[in-house]
Structures are given as structure tokens and as C-alpha cells.
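See below for the structure under consideration.
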Amino acid sequence: MPVTIGGLASGLPPNIVDQLMEAEKIPLKTIEKNKGKQESRLKLVTELETKLNAVTGTIGALASTKGFSDMKLNSGDPNVIQGAVDPNSAINGNWNIEVEDLAQKAAAITNGFPDKNKTQVGVGYFRFDTTDGKKEVYINGNNNTLEGVMSAINAAGVGVKASIFNDRSDPDAPYKLMISGENVGGDNQISYPTLYFLDGDQDLYFDDKRPAKNGRIKVDGFEFEIGDNKVTDVIPGVTLELKQATPGRTVNVSVKEDKEVVTGKIKSFVDAVNGVLSFVQQQNALNKDSDTTSSLGGDSLLRSVENRLRSLIQNPQFGVGSDVTRLNQVGITFNRNGVLEYDEKKFNNTLAANPNSVQKFLAGDGFNTGFIPSLRREIGVLLNSAFGPVAIRKRALQDKISQMDKQIEDKQRQLAKKEENLRNKFARLEETMSKLKGQGAAVGIIGSGLSMGGGGPGGGQGQG
């Protein structure tokens, strides 16, 4: 329990120990303030590290596609044909495609029922001849409405799916059960030869059947039979998705570079580099009021980062075998503010005129030559966990903070002990002063009594 001091007997302020401890805590507060500054610097170094990693992320995207280009598919009618492109295997080109017929699933539809959840079809089974052999689904008295039959078939896992349609052309019996295979194409045939039920409210039978069949397309006048409406073996690197048949009408499909994507990647790279350069500038924007003890202003780490980036951006790339050897040839230059400026029009013109040269300059051989491998190396040196200047600075700051944590812990322990000793001392002083005051009061009372006793019986005169 802490000892409190009333301050009445000694005449000292009640918070005398707190006042003394405030003075004792000055060195501790100094350490804590310095620790806060080191933590601020560590946070800034970590922010710089994050920005450098962001540059690495953008250059990874730049070198990830074949020939430093992304590809896209353009369809003359997306309602008929859509598609996806694999940029690593697609080639430029145009194709005229006619969708004569879509590939279809095997399907069958029953006669109509007045409802889907009351009228019973009876007890029995469906038997399907599938590519995996005969499959049977049994219907009992608990699941023999159309909805019950649909649920039983869908839960059976027999390679077919059931659904209920409301055919408004027959208002007296609009509900029909349709059963279809899961996959399109002639290789996925399913026949429906057997349907057997007893004791139903009305008969159940297949009113119409449709076999699975392949589709047909023409590519530049040549006809092909297809087993799926997603076609992967017609145009290299392209998956065509056929949406509807339009016999007699061709749709032009083209594959070409997606300049918007490539331009966006370059812009992301420029933005990431500018993030680093702007950070360096902000930290180095010093004035008479700047506190460099809590920032990175003037730090050699910033000079190292800035010098490496500027040198790489301004110097030519050797050994790339390209007419393009500098970033300024593709529209990336330093402006008056000391950050990069991106001329998108110039980049697109250069890329369109000589895509191979742009690719060779940027990607090089992927390892030793090219701007991107060089940039990877420079940032790798800066961020190297063993000897990189960023990692070295982080470790130094973390060590300082750990040392200060230890100093703060030791100082807090010393102060706690000193405060306890002070409180005990002043408590004893208070107790002593209280006793002395008590003794003084007692002496005063005795003295007062003796003074009054001088006019009593022992000192008076008798009468004659």
C-alpha cells in the first residue's frame, strides 16, 4: 500500500514526494522522447522500404507478358461470340467466324401437370442410359410430386439435372419437368428409354426428347464440328465462347495488343518510382525549424537511394540489341520538379513503330541485360536483408530502440524504489513531527497549570 503524507504536522506540501519525483523523472522523459524520435525514423525507413517494393511489383507486371505486350480479343458481335486470350500463346490476327449451330445437351421434357407440388406422379423409377452405364432414380410416396422428383434427380448424382418450367401455352397443365445432361456435345449422350410409375394422380411421360449433338462453325469459310460451345483449338491462345447461332452471318474476331493495358503498366511503374523520389524530396525539404533527429532529412540512406535510381533512369542500357537504349526514348523523362514525367503518346507511338526494340530495351534477356533486370538488381541491393542500406538502417534503429527500452525499464524500476523510500522517509518525519507537537502541547498544558496554582491555598494570608 502506498504511504500518503498529510502535511499537517510537518508543514510540508501534501504532494511533496510527487514534486520531487517529477524532477527525478526528467532523465526518463528525455529517454522516452529520444525513443519516440527513433521510432519515427524507423517508421519512415519502413515507408521507404514499402515504396521501393512497390516499384519491384510494377516491373514484375511489365515483364510478365510475351513481347512486353498484353493481348485482347475484339468481337464484331459479343452477343454471338466472346472470348478470352492467353497472352503467352496468342498471336495477332483476324478471323471471320460463322456460328451455324451451337452444341447442345441431351434433354427431355415431360407432359404438363396442373401444379408442381400437389399432383402425385405415383411410385416408381427413372432409368437413364448414360455414358457411365444405366442410372436409376427411385421415387416413393414421400417425394412423388414434380418438385419431389426434381429434388430426387438432382440429388442422385447420375450426370443429369432436372428443372421445372411453367409453360403458359397450356394454362390447364403448365408445369413440366425437364431433364438434361450436364455437358453439351455428341460425346455426352443420355437417352431416356425407361420411365415406370404406378398409382399416380395422372400419367407421367416424356413429351419430347432432344439428343446431345455437336455444334458447327465456319472459320474463314472452312466448316468445323465442335463438341463444346467453348472452343479452344481454333485460334491459337484464344478460348472462344459461342453465345448463339447465327447461320449465314459471319462475325469478325481479332486479336491484337492491348495498348491500354501496357500503357497502364508503364504508368504504374512511373507512379511507383515517383513515390520514392517524392518521399526523398519531402524528407530533404529542410529549414531552420526542421528536426532531423526525428526525420530522415539529409540522411545518407536517401542519397544512396536517389543516386541509384537517377543513375539507372538516365544512363543507357548496353547489350540489349535494340535501337531503344534509354527511357527518354519511350517518353519517360525527369521534369523540373525532379520526378518522372510520362508521355503516353510518345510511348504508344514508339511501341507501335518498333515493339521488338521496346521489349528488348525493357525486358532484355530477363537476367543480365535490359532495364527491368537492371532495376531489379538496384532495388535488390538497396533492400538486401544482409548488407542493403535500408536493412542496415532498420537494424540500427531497432537496436537503438531496444537499448532505450532497457534503459527505460531500468530507470522506471529505480524511480519506483526511490519514490517508495521518499514516501517512507516523509511518513516517518510526519510521525516524528506529530509526536513532537503532541509533546509540546502536553508541556504547555502543564506549564499553564503551574502558573495558575501560584494563587492557591498555600500562598494566601490568614485573618487576625
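Following the order of the C-alpha cells, first chain is A, next is B, and so on, with residues numbered from 1 inside each chain and ligands from 1 in the order they appear.
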
Write out as number ranges by chain which residues come within 6 Å of Phe197 of chain A when counting only C-alpha atoms, dropping same-chain ones fewer than 6 positions away. A: 122-124

Could the residues in this selection be written to a file with C-alpha atoms, as a compact mmCIF listing (two decimals), in the first residue's frame?
# COMPACT_ATOMS: atom_id res chain seq x y z
CA GLY A 122 -47.04 -42.26 -58.35
CA VAL A 123 -44.34 -44.64 -57.15
CA GLY A 124 -41.66 -45.92 -59.49

Taking 6 positions as the minimum chain separation for residues in the same chain, which residues sit within 12 Å of Ser357 of chain A when counting only C-alpha atoms? Answer as a ChimeraX atom specification. /A:67-68,320-326,329-330,350-351,363-364,370

Could you write out the selected residues, including all heavy atoms, as a tab-separated table (two decimals), in the first residue's frame?
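As written to disk, out.tsv reads:
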chain	number	residue	atom	x	y	z
A	67	GLY	N	6.62	-10.56	-75.26
A	67	GLY	CA	6.95	-9.42	-76.09
A	67	GLY	C	6.56	-8.09	-75.48
A	67	GLY	O	6.30	-7.13	-76.22
A	68	PHE	N	6.52	-8.02	-74.14
A	68	PHE	CA	6.10	-6.82	-73.45
A	68	PHE	C	4.81	-6.28	-74.06
A	68	PHE	O	4.67	-5.12	-74.42
A	68	PHE	CB	7.18	-5.74	-73.49
A	68	PHE	CG	6.78	-4.52	-72.69
A	68	PHE	CD1	6.65	-4.61	-71.33
A	68	PHE	CD2	6.53	-3.32	-73.32
A	68	PHE	CE1	6.27	-3.52	-70.60
A	68	PHE	CE2	6.13	-2.22	-72.59
A	68	PHE	CZ	6.01	-2.32	-71.22
A	320	VAL	N	21.49	-4.70	-75.14
A	320	VAL	CA	20.11	-5.14	-75.31
A	320	VAL	C	19.77	-5.45	-76.76
A	320	VAL	O	18.72	-6.01	-77.06
A	320	VAL	CB	19.12	-4.09	-74.75
A	320	VAL	CG1	19.24	-3.97	-73.25
A	320	VAL	CG2	19.33	-2.73	-75.42
A	321	GLY	N	20.66	-5.05	-77.69
A	321	GLY	CA	20.41	-5.31	-79.10
A	321	GLY	C	19.20	-4.59	-79.63
A	321	GLY	O	18.42	-5.14	-80.40
A	322	SER	N	19.04	-3.33	-79.20
A	322	SER	CA	17.85	-2.57	-79.55
A	322	SER	C	18.23	-1.14	-79.92
A	322	SER	O	19.21	-0.59	-79.41
A	322	SER	CB	16.87	-2.56	-78.37
A	322	SER	OG	15.86	-1.60	-78.54
A	323	ASP	N	17.41	-0.55	-80.80
A	323	ASP	CA	17.59	0.87	-81.11
A	323	ASP	C	17.19	1.75	-79.93
A	323	ASP	O	17.62	2.89	-79.83
A	323	ASP	CB	16.74	1.25	-82.34
A	323	ASP	CG	17.21	0.53	-83.60
A	323	ASP	OD1	18.40	0.16	-83.66
A	323	ASP	OD2	16.38	0.33	-84.50
A	324	VAL	N	16.36	1.22	-79.06
A	324	VAL	CA	15.94	1.93	-77.86
A	324	VAL	C	16.88	1.54	-76.72
A	324	VAL	O	16.98	0.36	-76.37
A	324	VAL	CB	14.48	1.60	-77.49
A	324	VAL	CG1	14.07	2.33	-76.22
A	324	VAL	CG2	13.55	1.96	-78.63
A	325	THR	N	17.59	2.53	-76.16
A	325	THR	CA	18.53	2.22	-75.08
A	325	THR	C	18.30	3.07	-73.83
A	325	THR	O	18.91	2.82	-72.80
A	325	THR	CB	19.97	2.43	-75.55
A	325	THR	OG1	20.13	3.79	-75.98
A	325	THR	CG2	20.33	1.47	-76.68
A	326	ARG	N	17.45	4.10	-73.92
A	326	ARG	CA	17.19	4.97	-72.77
A	326	ARG	C	15.68	5.14	-72.57
A	326	ARG	O	14.90	5.08	-73.53
A	326	ARG	CB	17.82	6.36	-72.98
A	326	ARG	CG	19.33	6.38	-73.10
A	326	ARG	CD	19.81	7.80	-73.39
A	326	ARG	NE	21.25	7.87	-73.62
A	326	ARG	CZ	22.14	8.14	-72.67
A	326	ARG	NH1	21.72	8.38	-71.42
A	326	ARG	NH2	23.43	8.19	-72.96
A	329	GLN	N	13.61	7.72	-74.65
A	329	GLN	CA	13.19	7.36	-76.00
A	329	GLN	C	11.77	6.80	-76.02
A	329	GLN	O	11.15	6.74	-77.07
A	329	GLN	CB	14.16	6.35	-76.62
A	329	GLN	CG	15.54	6.91	-76.91
A	329	GLN	CD	16.48	5.86	-77.45
A	329	GLN	OE1	17.28	5.29	-76.74
A	329	GLN	NE2	16.36	5.59	-78.76
A	330	VAL	N	11.29	6.35	-74.87
A	330	VAL	CA	9.92	5.85	-74.79
A	330	VAL	C	9.04	6.81	-73.99
A	330	VAL	O	7.97	6.43	-73.50
A	330	VAL	CB	9.85	4.43	-74.19
A	330	VAL	CG1	10.50	3.42	-75.11
A	330	VAL	CG2	10.49	4.39	-72.81
A	350	THR	N	6.12	4.85	-80.12
A	350	THR	CA	7.36	4.06	-80.18
A	350	THR	C	7.05	2.57	-80.15
A	350	THR	O	7.64	1.78	-80.89
A	350	THR	CB	8.30	4.43	-79.02
A	350	THR	OG1	8.52	5.84	-79.01
A	350	THR	CG2	9.63	3.71	-79.14
A	351	LEU	N	6.10	2.18	-79.29
A	351	LEU	CA	5.72	0.77	-79.19
A	351	LEU	C	5.10	0.28	-80.49
A	351	LEU	O	5.40	-0.83	-80.94
A	351	LEU	CB	4.74	0.58	-78.03
A	351	LEU	CG	4.25	-0.85	-77.78
A	351	LEU	CD1	5.43	-1.76	-77.40
A	351	LEU	CD2	3.20	-0.88	-76.69
A	363	ALA	N	12.75	-5.51	-71.22
A	363	ALA	CA	12.87	-6.85	-70.63
A	363	ALA	C	14.25	-7.47	-70.81
A	363	ALA	O	14.67	-8.29	-70.00
A	363	ALA	CB	11.81	-7.77	-71.23
A	364	GLY	N	14.96	-7.09	-71.88
A	364	GLY	CA	16.28	-7.67	-72.13
A	364	GLY	C	16.22	-9.18	-72.22
A	364	GLY	O	15.29	-9.74	-72.79
A	370	GLY	N	18.90	-5.39	-70.04
A	370	GLY	CA	17.56	-4.81	-70.05
A	370	GLY	C	17.31	-3.92	-68.84
A	370	GLY	O	17.92	-4.10	-67.78

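Between atom CA of Asp233 of chain A and atom CA of Asn94 of chain A there is a distance of 15.4 Å.
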
Which residue is closest to Ser163 of chain A? Choose from A:Lys135, A:Ile109, A:Arg216, A:Ala285 and count only C-alpha atoms. A:Ile109

Which is closest to Thr119 of chain A among A:Gly200, A:Gly438, A:Gly186, A:Pro355, if we use only C-alpha atoms? A:Gly200

What's the separation between atom CA of Arg249 of chain A and atom CA of Arg210 of chain A, in Å to one decimal place? 25.6 Å

Would you pick out the contacts of Glu260 of chain A at 12 Å or less, using only C-alpha atoms, so that residues sharing its chain but fewer than 4 positions from it are not included, and give the list as a VMD selection string? chain A and resid 69 to 72 256 264 to 267 344 to 345 347 to 348 351

Could you work out how far atom CA of Arg303 of chain A lies from atom CA of Phe371 of chain A, giving the answer in Å with one decimal?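 Between atom CA of Phe371 of chain A and atom CA of Arg303 of chain A the gap is 21.3 Å.
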
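For segment 47-257 of chain A, a DSSP pass over the backbone yields alpha helix (DSSP H) at A:Glu47, A:Leu48, A:Glu49, A:Thr50, A:Lys51, A:Leu52, A:Asn53, A:Ala54, A:Val55, A:Thr56, A:Gly57, A:Thr58, A:Ile59, A:Gly60, A:Ala61, A:Leu62, A:Leu146, A:Glu147, A:Gly148, A:Val149, A:Met150, A:Ser151, A:Ala152, A:Ile153, A:Asn154, A:Ala155, A:Ala156.
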
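Using only C-alpha atoms, the shortest contact distance between Val234 of chain A and any of A:Gly83, A:Gly36, A:Gly444, A:Gly298 is found at A:Gly83.
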